[in-house]
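Participant: Take this structure, written in structure tokens, and hold onto it; I'll ask about it next.
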Amino acid sequence: MKGFVWHKDGTASMEEIDMPRIIEDTDAVVKVKMSSICTSDLHIIHGFVPKAKPETVLGHEFVGEIVELGKSVTNFKVGDRVAVNVETFCGECFFCRKGFVNNCVNGGWKLGCSENGCQSEYVRVPFANNGMTKLLENVSYEDALFVGDVLSSGYWGAELCEIKKGDVIAVIGSGPVGYCAMMSAKVLGASKVIAIDIDNYRLGIAQNQGIADVVLNPSECDLLTEIHKYTEGRGVDAVIEAAGGEETFQIAWQIARPNAIVAVVAMYESPQILPLPDMYDKNLIFKTGGVDANHCDELVRLISENKISTNFMITHKFPFEKISDAYEVFGNRKDGCIKVALTY
Ligand SMILES: [Zn+2]
Ligand SMILES: [Zn+2]
């Protein structure tokens with residue numbers, strides 16, 4: 001079968017690879033029905049993910065059909081339609097029991113990083129009882145494509161904000177994770193969502209989809225003045241920083257009101273500076289790091305009930321064989337690309 005493999009020299013190519021098989025009793029093999037490309041795949045190819053292993057099949061965002069189950073995978077049956085979690089987790093270690101599945105001592109981000117991922121025809125899913133979520137009948141593969149990764153990340157960012165009913169939430173970065181954070185913030189009780197980005201096309205999507213109440217482009221306005229207009233001069237109740245730039249990191253704490261939560265869910269390519277003397281009396285709470293993708297059941301339910309829909313993010317579709325073209329379009333944001341769906 002075919003798999004899209006990355007190499008140490010910063011390239012990736014379609015290769016003939018072995019069919020995955022059950023190795024542990026806790027494994028499943030899933031036939032990929034739809035997969036996507038994530039910014040993290042680009043980070044891997046460009047060498048920014050130290051734990052990524054060269055010559056591994058890329059991809060960690062997908063949905064598919066179970067074709068084989070290890071003996072101890074009892075929550076599913078062959079033929080089930082599932083969304084697969086970006087994280088591999090055992091469910092039993094110290095961190096898993098606390099819900100910090102990203103820090104599982106027996107797992108973490110493996111698929112498409114240190115083990116063969118979903119940009120292939122079949123994938124072995126370790127700890128499959130935990131890593132798969134059954135799709136409800138009225139949820140299509142396309143509806144659920146982002147459940148295990150960007151939607152989980154956006155929801156997690158919103159959850160970190162401990163949103164109270166009526167809060168005003170700012171989301172920096174009007175891209176896939178940002179959109180998911182905006183929708184999740186609303187579901188969790190935000191009264192107003194403010195989207196911030198320097199890309200008017202991407203802001204326009206947030207506005208047209210009705211997932212942001214206010215859109216602000218800091219290169220076209222005085223951001224603090226605008227934010228204060230919507231928050232009685234205080235600053236926002238919480239910020240989700242999903243952009244990952246030097247400037248956006250600074251914006252994140254500046255637009256927060258005193259005692260706000262700043263949830264930093266972006267993946268940075270370099271260290272950032274926390275100017276502590278300038279923020280001394282703001283009493284901020286910073287939360288950082290990689291997604292704990294532990295609400296996939298809830299997310300599938302929200303999609304089924306039409307409370308969240310991520311379908312608008314699929315701006316481009318490519319057959320899996322044309323994955324190099326898909327990378328070209330997604331990686332360079334060509335032709336207004338937000339996310340690509342690879343079809344099989
Ligand atoms: Zn990802
Ligand atoms: Zn664990």
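Ordering of the structure tokens sets the chain letters (A, B, ...); residue numbers start at 1 within each chain; ligands are numbered from 1 in the order shown.
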Write out as a list of chain:residue names the residues lying within 8 Å of stretch 141-151 of chain A, counting only C-alpha atoms and excluding same-chain residues fewer than 5 positions away.
Facilitator: A:Lys33, A:Met34, A:Ser35, A:Ser36, A:His60, A:Glu61, A:Phe62, A:Val63, A:Gly64, A:Arg81, A:Ala83, A:Val84, A:Asn85, A:Val86, A:Leu135, A:Pro176, A:Val177, A:Cys180, A:Ala181, A:Ala293, A:Cys296, A:Leu299, A:Val300, A:Ile303, A:Ser309, A:Thr310, A:Asn311
Participant: Deliver the residues from the most recent selection as a file, using N, CA and C atoms, as an mmCIF file, in the first residue's frame.
Facilitator:
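Generated file (result_19.cif):
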data_model
loop_
_atom_site.group_PDB
_atom_site.id
_atom_site.type_symbol
_atom_site.label_atom_id
_atom_site.label_comp_id
_atom_site.auth_asym_id
_atom_site.auth_seq_id
_atom_site.Cartn_x
_atom_site.Cartn_y
_atom_site.Cartn_z
ATOM 1 N N LYS A 33 -10.557 6.688 5.587
ATOM 2 C CA LYS A 33 -11.613 7.097 4.651
ATOM 3 C C LYS A 33 -11.461 8.557 4.253
ATOM 4 N N MET A 34 -10.936 9.346 5.165
ATOM 5 C CA MET A 34 -10.645 10.748 4.858
ATOM 6 C C MET A 34 -9.547 11.192 5.824
ATOM 7 N N SER A 35 -8.564 11.931 5.323
ATOM 8 C CA SER A 35 -7.533 12.438 6.223
ATOM 9 C C SER A 35 -7.230 13.876 5.827
ATOM 10 N N SER A 36 -6.388 14.512 6.640
ATOM 11 C CA SER A 36 -6.097 15.911 6.385
ATOM 12 C C SER A 36 -4.609 16.186 6.572
ATOM 13 N N HIS A 60 -1.996 12.766 11.162
ATOM 14 C CA HIS A 60 -2.570 12.359 12.449
ATOM 15 C C HIS A 60 -4.015 12.852 12.597
ATOM 16 N N GLU A 61 -4.609 13.291 11.491
ATOM 17 C CA GLU A 61 -5.975 13.821 11.566
ATOM 18 C C GLU A 61 -6.814 13.046 10.557
ATOM 19 N N PHE A 62 -7.686 12.143 11.040
ATOM 20 C CA PHE A 62 -8.391 11.290 10.077
ATOM 21 C C PHE A 62 -9.592 10.583 10.689
ATOM 22 N N VAL A 63 -10.363 10.043 9.780
ATOM 23 C CA VAL A 63 -11.513 9.219 10.138
ATOM 24 C C VAL A 63 -11.454 7.973 9.264
ATOM 25 N N GLY A 64 -12.056 6.897 9.722
ATOM 26 C CA GLY A 64 -11.993 5.684 8.925
ATOM 27 C C GLY A 64 -12.856 4.577 9.465
ATOM 28 N N ARG A 81 -17.469 2.938 12.145
ATOM 29 C CA ARG A 81 -16.898 4.188 11.617
ATOM 30 C C ARG A 81 -16.373 4.988 12.806
ATOM 31 N N ALA A 83 -13.637 8.268 14.470
ATOM 32 C CA ALA A 83 -12.660 9.349 14.409
ATOM 33 C C ALA A 83 -11.497 8.877 15.271
ATOM 34 N N VAL A 84 -10.281 9.190 14.859
ATOM 35 C CA VAL A 84 -9.118 8.729 15.619
ATOM 36 C C VAL A 84 -8.404 9.922 16.239
ATOM 37 N N ASN A 85 -8.018 9.725 17.499
ATOM 38 C CA ASN A 85 -7.400 10.783 18.293
ATOM 39 C C ASN A 85 -5.948 11.014 17.883
ATOM 40 N N VAL A 86 -5.541 12.265 17.855
ATOM 41 C CA VAL A 86 -4.147 12.598 17.566
ATOM 42 C C VAL A 86 -3.224 11.982 18.617
ATOM 43 N N LEU A 135 -18.486 7.163 15.466
ATOM 44 C CA LEU A 135 -19.308 8.245 14.912
ATOM 45 C C LEU A 135 -20.788 7.914 15.057
ATOM 46 N N PRO A 176 -7.679 27.310 11.312
ATOM 47 C CA PRO A 176 -8.453 26.138 11.726
ATOM 48 C C PRO A 176 -8.617 25.983 13.249
ATOM 49 N N VAL A 177 -7.514 26.032 14.000
ATOM 50 C CA VAL A 177 -7.647 25.865 15.455
ATOM 51 C C VAL A 177 -8.407 27.053 16.047
ATOM 52 N N CYS A 180 -12.099 26.673 15.523
ATOM 53 C CA CYS A 180 -12.650 25.658 16.441
ATOM 54 C C CYS A 180 -12.728 26.216 17.862
ATOM 55 N N ALA A 181 -11.736 27.042 18.234
ATOM 56 C CA ALA A 181 -11.765 27.662 19.565
ATOM 57 C C ALA A 181 -12.940 28.634 19.673
ATOM 58 N N ALA A 293 -6.564 15.789 24.128
ATOM 59 C CA ALA A 293 -7.731 15.504 23.272
ATOM 60 C C ALA A 293 -8.605 14.446 23.956
ATOM 61 N N CYS A 296 -13.468 13.781 22.763
ATOM 62 C CA CYS A 296 -13.918 13.445 21.408
ATOM 63 C C CYS A 296 -15.374 12.977 21.378
ATOM 64 N N LEU A 299 -17.471 15.985 21.446
ATOM 65 C CA LEU A 299 -17.392 16.735 20.190
ATOM 66 C C LEU A 299 -18.236 16.072 19.098
ATOM 67 N N VAL A 300 -18.207 14.751 19.045
ATOM 68 C CA VAL A 300 -19.052 14.050 18.061
ATOM 69 C C VAL A 300 -20.522 14.320 18.373
ATOM 70 N N ILE A 303 -21.427 17.805 17.210
ATOM 71 C CA ILE A 303 -21.571 17.825 15.746
ATOM 72 C C ILE A 303 -22.911 17.205 15.359
ATOM 73 N N SER A 309 -20.070 22.866 13.684
ATOM 74 C CA SER A 309 -19.841 22.294 12.353
ATOM 75 C C SER A 309 -18.525 22.823 11.814
ATOM 76 N N THR A 310 -17.649 21.906 11.439
ATOM 77 C CA THR A 310 -16.331 22.305 10.945
ATOM 78 C C THR A 310 -16.226 22.150 9.429
ATOM 79 N N ASN A 311 -17.337 21.780 8.791
ATOM 80 C CA ASN A 311 -17.271 21.476 7.351
ATOM 81 C C ASN A 311 -16.784 22.659 6.504
#
Participant: Write out as a count of residues only the residues lying within 8 Å of stretch 247-258 of chain A, counting only C-alpha atoms and excluding same-chain residues fewer than 2 positions away.
Facilitator: 24
Participant: For the alpha helix (DSSP H) assignment from backbone DSSP, which residues of stretch 166-312 of chain A qualify? Please present them as a PyMOL selection string.
Facilitator: chain A and resi 176-187+200-208+223-230+246-254+296-304
Participant: Write the selection just made, keeping N, CA and C atoms, as a compact mmCIF listing (two decimals), in the first residue's frame?
Facilitator:
# COMPACT_ATOMS: atom_id res chain seq x y z
N PRO A 176 -7.68 27.31 11.31
CA PRO A 176 -8.45 26.14 11.73
C PRO A 176 -8.62 25.98 13.25
N VAL A 177 -7.51 26.03 14.00
CA VAL A 177 -7.65 25.86 15.46
C VAL A 177 -8.41 27.05 16.05
N GLY A 178 -8.12 28.25 15.53
CA GLY A 178 -8.83 29.44 16.00
C GLY A 178 -10.34 29.33 15.78
N TYR A 179 -10.75 28.91 14.57
CA TYR A 179 -12.18 28.75 14.30
C TYR A 179 -12.82 27.77 15.29
N CYS A 180 -12.10 26.67 15.52
CA CYS A 180 -12.65 25.66 16.44
C CYS A 180 -12.73 26.22 17.86
N ALA A 181 -11.74 27.04 18.23
CA ALA A 181 -11.77 27.66 19.56
C ALA A 181 -12.94 28.63 19.67
N MET A 182 -13.21 29.37 18.59
CA MET A 182 -14.33 30.33 18.61
C MET A 182 -15.66 29.60 18.82
N MET A 183 -15.86 28.52 18.04
CA MET A 183 -17.12 27.76 18.16
C MET A 183 -17.24 27.15 19.55
N SER A 184 -16.12 26.65 20.07
CA SER A 184 -16.15 25.99 21.38
C SER A 184 -16.41 27.01 22.48
N ALA A 185 -15.82 28.20 22.35
CA ALA A 185 -16.03 29.24 23.37
C ALA A 185 -17.52 29.57 23.48
N LYS A 186 -18.19 29.63 22.33
CA LYS A 186 -19.63 29.91 22.33
C LYS A 186 -20.40 28.78 23.01
N VAL A 187 -20.05 27.55 22.66
CA VAL A 187 -20.72 26.39 23.26
C VAL A 187 -20.54 26.40 24.77
N ASN A 200 -7.47 39.48 6.39
CA ASN A 200 -8.89 39.85 6.30
C ASN A 200 -9.75 38.75 5.69
N TYR A 201 -9.16 37.98 4.78
CA TYR A 201 -9.91 36.87 4.18
C TYR A 201 -10.31 35.86 5.26
N ARG A 202 -9.33 35.52 6.12
CA ARG A 202 -9.61 34.54 7.18
C ARG A 202 -10.57 35.12 8.23
N LEU A 203 -10.43 36.41 8.52
CA LEU A 203 -11.38 37.06 9.45
C LEU A 203 -12.78 37.04 8.85
N GLY A 204 -12.83 37.28 7.54
CA GLY A 204 -14.12 37.30 6.85
C GLY A 204 -14.86 35.98 6.99
N ILE A 205 -14.11 34.88 6.94
CA ILE A 205 -14.74 33.56 7.10
C ILE A 205 -15.36 33.45 8.50
N ALA A 206 -14.60 33.89 9.52
CA ALA A 206 -15.13 33.83 10.90
C ALA A 206 -16.42 34.63 11.01
N GLN A 207 -16.43 35.78 10.34
CA GLN A 207 -17.61 36.64 10.40
C GLN A 207 -18.78 36.03 9.61
N ASN A 208 -18.49 35.59 8.40
CA ASN A 208 -19.56 35.03 7.56
C ASN A 208 -20.14 33.75 8.12
N LEU A 223 -5.61 48.10 18.32
CA LEU A 223 -6.25 46.91 18.86
C LEU A 223 -6.77 47.12 20.29
N LEU A 224 -5.91 47.71 21.16
CA LEU A 224 -6.32 47.88 22.56
C LEU A 224 -7.55 48.76 22.68
N THR A 225 -7.56 49.84 21.91
CA THR A 225 -8.71 50.75 21.94
C THR A 225 -9.98 50.00 21.54
N GLU A 226 -9.86 49.20 20.47
CA GLU A 226 -11.03 48.44 20.00
C GLU A 226 -11.49 47.43 21.05
N ILE A 227 -10.52 46.71 21.61
CA ILE A 227 -10.87 45.69 22.63
C ILE A 227 -11.57 46.38 23.81
N HIS A 228 -11.07 47.54 24.21
CA HIS A 228 -11.67 48.23 25.36
C HIS A 228 -13.10 48.68 25.08
N LYS A 229 -13.37 48.95 23.79
CA LYS A 229 -14.73 49.34 23.41
C LYS A 229 -15.74 48.25 23.75
N TYR A 230 -15.31 47.00 23.59
CA TYR A 230 -16.24 45.87 23.77
C TYR A 230 -16.21 45.30 25.19
N GLU A 246 5.60 35.99 17.40
CA GLU A 246 6.18 36.82 18.44
C GLU A 246 5.20 37.92 18.86
N GLU A 247 4.62 38.57 17.82
CA GLU A 247 3.70 39.67 18.08
C GLU A 247 2.41 39.20 18.74
N THR A 248 1.92 38.06 18.26
CA THR A 248 0.64 37.58 18.81
C THR A 248 0.80 37.16 20.26
N PHE A 249 1.97 36.68 20.61
CA PHE A 249 2.21 36.31 22.01
C PHE A 249 2.11 37.56 22.90
N GLN A 250 2.65 38.67 22.42
CA GLN A 250 2.58 39.92 23.20
C GLN A 250 1.14 40.45 23.25
N ILE A 251 0.47 40.39 22.11
CA ILE A 251 -0.93 40.84 22.07
C ILE A 251 -1.75 40.08 23.10
N ALA A 252 -1.46 38.78 23.23
CA ALA A 252 -2.29 37.91 24.08
C ALA A 252 -2.38 38.45 25.51
N TRP A 253 -1.26 38.82 26.12
CA TRP A 253 -1.34 39.30 27.52
C TRP A 253 -1.80 40.75 27.58
N GLN A 254 -1.52 41.52 26.51
CA GLN A 254 -1.89 42.94 26.54
C GLN A 254 -3.41 43.16 26.49
N CYS A 296 -13.47 13.78 22.76
CA CYS A 296 -13.92 13.44 21.41
C CYS A 296 -15.37 12.98 21.38
N ASP A 297 -15.80 12.23 22.40
CA ASP A 297 -17.21 11.79 22.44
C ASP A 297 -18.14 13.00 22.45
N GLU A 298 -17.79 13.95 23.31
CA GLU A 298 -18.58 15.18 23.45
C GLU A 298 -18.60 15.94 22.12
N LEU A 299 -17.47 15.99 21.45
CA LEU A 299 -17.39 16.73 20.19
C LEU A 299 -18.24 16.07 19.10
N VAL A 300 -18.21 14.75 19.04
CA VAL A 300 -19.05 14.05 18.06
C VAL A 300 -20.52 14.32 18.37
N ARG A 301 -20.86 14.35 19.67
CA ARG A 301 -22.25 14.65 20.05
C ARG A 301 -22.63 16.08 19.62
N LEU A 302 -21.73 17.04 19.86
CA LEU A 302 -22.02 18.44 19.49
C LEU A 302 -22.20 18.57 17.97
N ILE A 303 -21.43 17.80 17.21
CA ILE A 303 -21.57 17.82 15.75
C ILE A 303 -22.91 17.21 15.36
N SER A 304 -23.22 16.09 16.00
CA SER A 304 -24.48 15.40 15.71
C SER A 304 -25.68 16.30 15.99
Participant: I'd like the neighbourhood of stretch 190-199 of chain A as a list in words, where a residue qualifies if any of its atoms comes within 8 Å (using only C-alpha atoms), though same-chain residues fewer than 3 positions away should be ignored.
Facilitator: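 The neighbour list is Ile163, Lys164, Lys165, Gly166, Asp167, Val168, Ile169, Ala170, Val171, Ile172, Gly173, Ser174, Met182, Ala185, Lys186, Val187, Arg202, Leu203, Ala206, Ile211, Ala212, Asp213, Val214, Val215, Leu216, Asn217, Pro218 and Ser219 of chain A.
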Participant: So that I can check the surroundings of A:Lys77, please list as a list in words every protein, DNA and RNA residue that reaches within 9 Å of it, counting only C-alpha atoms and ignoring chain neighbours fewer than 6 positions away.
Facilitator: Ile66, Val67, Glu68 and Leu69 of chain A
Participant: Which residue, A:Gly189, A:Gly290, A:Gly47, A:Pro54, has the smallest gap to ligand 1 when you use only C-alpha atoms and all ligand atoms?
Facilitator: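 Comparing A:Gly189, A:Gly290, A:Gly47, A:Pro54 against ligand 1, the winner is A:Gly290.
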Participant: Please provide the set of residues having any atom within 12 Å of A:Gly59, restricted to only C-alpha atoms, with same-chain residues fewer than 5 positions apart removed, written as a short mmCIF file (atom, residue, chain, number, x, y, z; two decimals) with N, CA and C atoms, in the first residue's frame.
Facilitator:
data_model
loop_
_atom_site.label_atom_id
_atom_site.label_comp_id
_atom_site.auth_asym_id
_atom_site.auth_seq_id
_atom_site.Cartn_x
_atom_site.Cartn_y
_atom_site.Cartn_z
N GLY A 3 2.07 5.14 1.26
CA GLY A 3 2.12 6.03 2.41
C GLY A 3 2.98 7.23 2.08
N PHE A 4 2.65 8.38 2.67
CA PHE A 4 3.41 9.60 2.40
C PHE A 4 4.44 9.78 3.53
N VAL A 5 5.71 9.58 3.16
CA VAL A 5 6.79 9.43 4.14
C VAL A 5 7.68 10.67 4.14
N TRP A 6 8.09 11.11 5.33
CA TRP A 6 8.99 12.28 5.35
C TRP A 6 10.43 11.85 5.57
N ALA A 12 9.32 15.05 1.54
CA ALA A 12 8.42 13.94 1.80
C ALA A 12 7.96 13.39 0.46
N VAL A 32 -8.28 4.12 6.25
CA VAL A 32 -8.50 5.57 6.24
C VAL A 32 -9.55 5.93 5.19
N MET A 34 -10.94 9.35 5.16
CA MET A 34 -10.64 10.75 4.86
C MET A 34 -9.55 11.19 5.82
N SER A 35 -8.56 11.93 5.32
CA SER A 35 -7.53 12.44 6.22
C SER A 35 -7.23 13.88 5.83
N SER A 36 -6.39 14.51 6.64
CA SER A 36 -6.10 15.91 6.38
C SER A 36 -4.61 16.19 6.57
N ILE A 37 -4.23 17.40 6.26
CA ILE A 37 -2.86 17.84 6.52
C ILE A 37 -2.94 18.90 7.60
N CYS A 38 -2.04 18.82 8.56
CA CYS A 38 -2.05 19.75 9.69
C CYS A 38 -0.75 20.56 9.64
N THR A 39 -0.79 21.75 10.20
CA THR A 39 0.42 22.57 10.25
C THR A 39 1.56 21.80 10.92
N SER A 40 1.21 20.93 11.86
CA SER A 40 2.25 20.13 12.53
C SER A 40 3.00 19.22 11.56
N ASP A 41 2.33 18.78 10.50
CA ASP A 41 3.03 17.96 9.49
C ASP A 41 4.13 18.79 8.83
N LEU A 42 3.81 20.07 8.60
CA LEU A 42 4.82 20.96 8.01
C LEU A 42 5.96 21.19 9.00
N HIS A 43 5.59 21.35 10.30
CA HIS A 43 6.61 21.52 11.34
C HIS A 43 7.57 20.32 11.34
N ILE A 44 7.01 19.12 11.18
CA ILE A 44 7.86 17.92 11.18
C ILE A 44 8.81 17.95 9.98
N ILE A 45 8.25 18.18 8.80
CA ILE A 45 9.10 18.17 7.59
C ILE A 45 10.21 19.21 7.70
N ALA A 52 10.04 13.65 16.33
CA ALA A 52 9.57 13.01 15.09
C ALA A 52 10.69 12.16 14.49
N VAL A 84 -10.28 9.19 14.86
CA VAL A 84 -9.12 8.73 15.62
C VAL A 84 -8.40 9.92 16.24
N ASN A 85 -8.02 9.73 17.50
CA ASN A 85 -7.40 10.78 18.29
C ASN A 85 -5.95 11.01 17.88
N VAL A 86 -5.54 12.27 17.86
CA VAL A 86 -4.15 12.60 17.57
C VAL A 86 -3.22 11.98 18.62
N GLU A 87 -3.76 11.76 19.81
CA GLU A 87 -2.92 11.25 20.89
C GLU A 87 -3.13 9.76 21.13
N TRP A 109 1.93 12.03 21.47
CA TRP A 109 1.72 12.18 20.03
C TRP A 109 2.64 11.21 19.29
N LYS A 110 2.06 10.15 18.79
CA LYS A 110 2.85 9.13 18.09
C LYS A 110 2.50 9.04 16.61
N LEU A 111 1.19 8.96 16.32
CA LEU A 111 0.77 8.75 14.92
C LEU A 111 1.27 9.87 14.03
N GLY A 112 1.95 9.51 13.00
CA GLY A 112 2.47 10.50 12.06
C GLY A 112 3.63 11.29 12.61
N CYS A 113 4.20 10.83 13.73
CA CYS A 113 5.31 11.54 14.37
C CYS A 113 6.44 10.54 14.63
N SER A 114 6.18 9.59 15.53
CA SER A 114 7.18 8.55 15.76
C SER A 114 6.71 7.18 15.27
N GLU A 115 5.41 7.10 14.91
CA GLU A 115 4.89 5.86 14.30
C GLU A 115 4.11 6.24 13.05
N ASN A 116 3.97 5.29 12.14
CA ASN A 116 3.30 5.59 10.87
C ASN A 116 1.91 6.17 11.08
N GLY A 117 1.63 7.27 10.37
CA GLY A 117 0.37 7.99 10.55
C GLY A 117 -0.63 7.72 9.44
N CYS A 118 -1.54 8.66 9.25
CA CYS A 118 -2.75 8.41 8.46
C CYS A 118 -2.67 8.86 7.01
N GLN A 119 -1.56 9.43 6.61
CA GLN A 119 -1.46 9.79 5.19
C GLN A 119 -1.02 8.54 4.43
N SER A 120 -1.86 7.53 4.55
CA SER A 120 -1.63 6.21 3.97
C SER A 120 -3.01 5.56 3.87
N GLU A 121 -3.04 4.34 3.39
CA GLU A 121 -4.35 3.71 3.16
C GLU A 121 -4.89 3.04 4.41
N TYR A 122 -4.00 2.51 5.24
CA TYR A 122 -4.40 1.86 6.50
C TYR A 122 -3.47 2.34 7.61
N VAL A 123 -3.97 2.35 8.85
CA VAL A 123 -3.15 2.78 9.99
C VAL A 123 -3.34 1.81 11.15
N GLY A 148 -10.43 14.61 16.05
CA GLY A 148 -9.29 14.12 16.83
C GLY A 148 -8.14 15.10 16.97
N ASP A 149 -8.14 16.17 16.18
CA ASP A 149 -6.99 17.07 16.26
C ASP A 149 -7.37 18.54 16.35
N PHE A 320 -6.19 11.06 -2.43
CA PHE A 320 -4.96 10.77 -1.68
C PHE A 320 -3.72 10.71 -2.57
N ILE A 323 -1.46 13.84 -3.01
CA ILE A 323 -1.14 14.47 -1.72
C ILE A 323 -0.05 15.54 -1.85
N TYR A 327 -0.25 19.29 -0.30
CA TYR A 327 0.75 19.95 0.56
C TYR A 327 1.12 21.32 0.00
N ALA A 341 -8.96 18.22 2.53
CA ALA A 341 -9.41 16.87 2.86
C ALA A 341 -8.85 15.95 1.79
N LEU A 342 -8.18 14.89 2.22
CA LEU A 342 -7.70 13.89 1.28
C LEU A 342 -8.74 12.78 1.23
#
Participant: With only C-alpha atoms and all ligand atoms counted, collect every polymer residue having an atom within 10 Å of ligand 2; state the result as a ChimeraX atom specification.
Facilitator: /A:88-108,127,130
Participant: Nearest residue to ligand 1 out of A:Gln209, A:Ser153, A:Asn138, A:Asn294, using only C-alpha atoms and all ligand atoms?
Facilitator: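 Nearest to ligand 1: A:Ser153.
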